[in-house]
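Below is one structure, written out as structure tokens; comments come after it.
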Amino acid sequence: MDPFLQYLIVINVVAFVAFAIDFFLCMRIPTLDDSAANSLIVCVFPIAGGAVGALIALFIFTGLISRHRMNKDNIAWWFLSIVCLVVWGLFVAVRYGLVTLDAGIGGIFAGWDMVKLRLLGIYLVLINVVTFIFFAWDKHVAKSDNDHRRRTPEARLLGLCLIGGSVGGLIAMRAVRHKTKKWYFVLGLPFFIVLDVVVVVYAHMAGLI
């Protein structure tokens with residue numbers, strides 16, 4: 001078996017086990033869940049390639065057991081794992097020949113399909129306007145009656161940012177002072193912008209745009 005594939009299998013099994021152990025430890029020792037050291041250790045596994053194992057563990061232990069998959073306590077791990085899955089997926093696609101990239105400088109700056117580029121531009125404008133509205137609305141509800149039934153879930157806000165609305169999210173964070181104390185918004189949104197740019201360039205070099 002290919003050593004790289006062996007590594008991916010092992011790291012995902014290890015990630016699953018690590019997240020499972022961490023889940024049960026945090027249930028027994030609640031203060032551990034807020035520990036910076038614990039958070040750093042858990043972050044290492046999806047970054048190292050274990051995003052699938054981490055997501056399976058999150059799905060099982062924060063979904064089937066607690067019956068609520070995403071909440072304020074685990075949402076950062078969900079999105080970190082999703083982002084790492086995207087990044088490693090792009091790499092694996094090239095590694096195993098599923099995608100061929102024109103890796104030269106000319107491949108980045110030349111040959112763009114202008115029709116698809118315009119459609120992408122329209123999409124990005126719309127998704128960023130929608131994201132701004134969702135952030136602003138959630139802030140309005142939080143300031144008025146803070147009715148949780150009317151609040152926008154953080155998973156939805158982060159999801160909108162992940163699929164291209166990070167600029168609108170960042171503008172809203174500054175304009176209405178919303179989610180500015182949540183580190184996974186403060187750090188996550190700029191990273192999502194970088195990731196989205198990488199995905200667009202990747203798609204172009206693969207001949208899709």
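In the structure tokens, the first chain shown is A, the next is B, and so on; residue numbers restart at 1 for each chain, and ligands run from 1 in the order shown.
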Which residues of stretch 43-123 of chain A sit at most 10 Å from stretch 192-195 of chain A, using only C-alpha atoms? Give each one's shortest atom pair and distance in Å (one decimal place), in chain and ascending residue order, as CSV.
```
residue,atom,partner,partner_atom,distance
A:Val83,CA,A:Leu195,CA,8.1
A:Val86,CA,A:Leu195,CA,9.0
A:Val87,CA,A:Leu195,CA,8.1
```
Check: Hey, what's within 10 Å of stretch 51-63 of chain A if we count only C-alpha atoms and toss same-chain stuff fewer than 2 positions away? As a ChimeraX atom specification, please?
Finding: /A:8-21,23-24,42-49,65-71,74-75,77-89
Notebook entry, point to check: Which one is closest to A:Gly165: A:Phe185, A:Phe191, A:Phe132, A:Phe91? Count only C-alpha atoms.
Noted result: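 The answer is A:Phe132, which sits nearest to A:Gly165.
Of the listed residues (A:Ala142, A:Ala110, A:Leu98, A:Val129), A:Ala110 comes nearest to A:Met205; the distances count only C-alpha atoms.
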Next item on the list: Give the answer as one residue: which of A:Arg150, A:Leu32, A:Gly207, A:Tyr7 has the shortest atom-to-atom distance to A:Thr100, using only C-alpha atoms?
Entry: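 Of A:Arg150, A:Leu32, A:Gly207, A:Tyr7, the one nearest A:Thr100, counting only C-alpha atoms, is A:Gly207.
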Next item on the list: From the DSSP assignment of the backbone, select every residue of chain A that is helix (DSSP H, G or I), and format the answer as a VMD selection string.
Entry: chain A and resid 3 to 28 30 to 34 36 to 64 75 to 95 105 to 109 114 to 144 154 to 176 183 to 186 188 to 205
Checklist line | Among listed residues A:Leu160, A:Cys26, A:Ile209, A:Val197, nearest A:Arg118 (using only C-alpha atoms) | finding: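 When distances to A:Arg118 are compared using only C-alpha atoms, the smallest one comes from A:Ile209.
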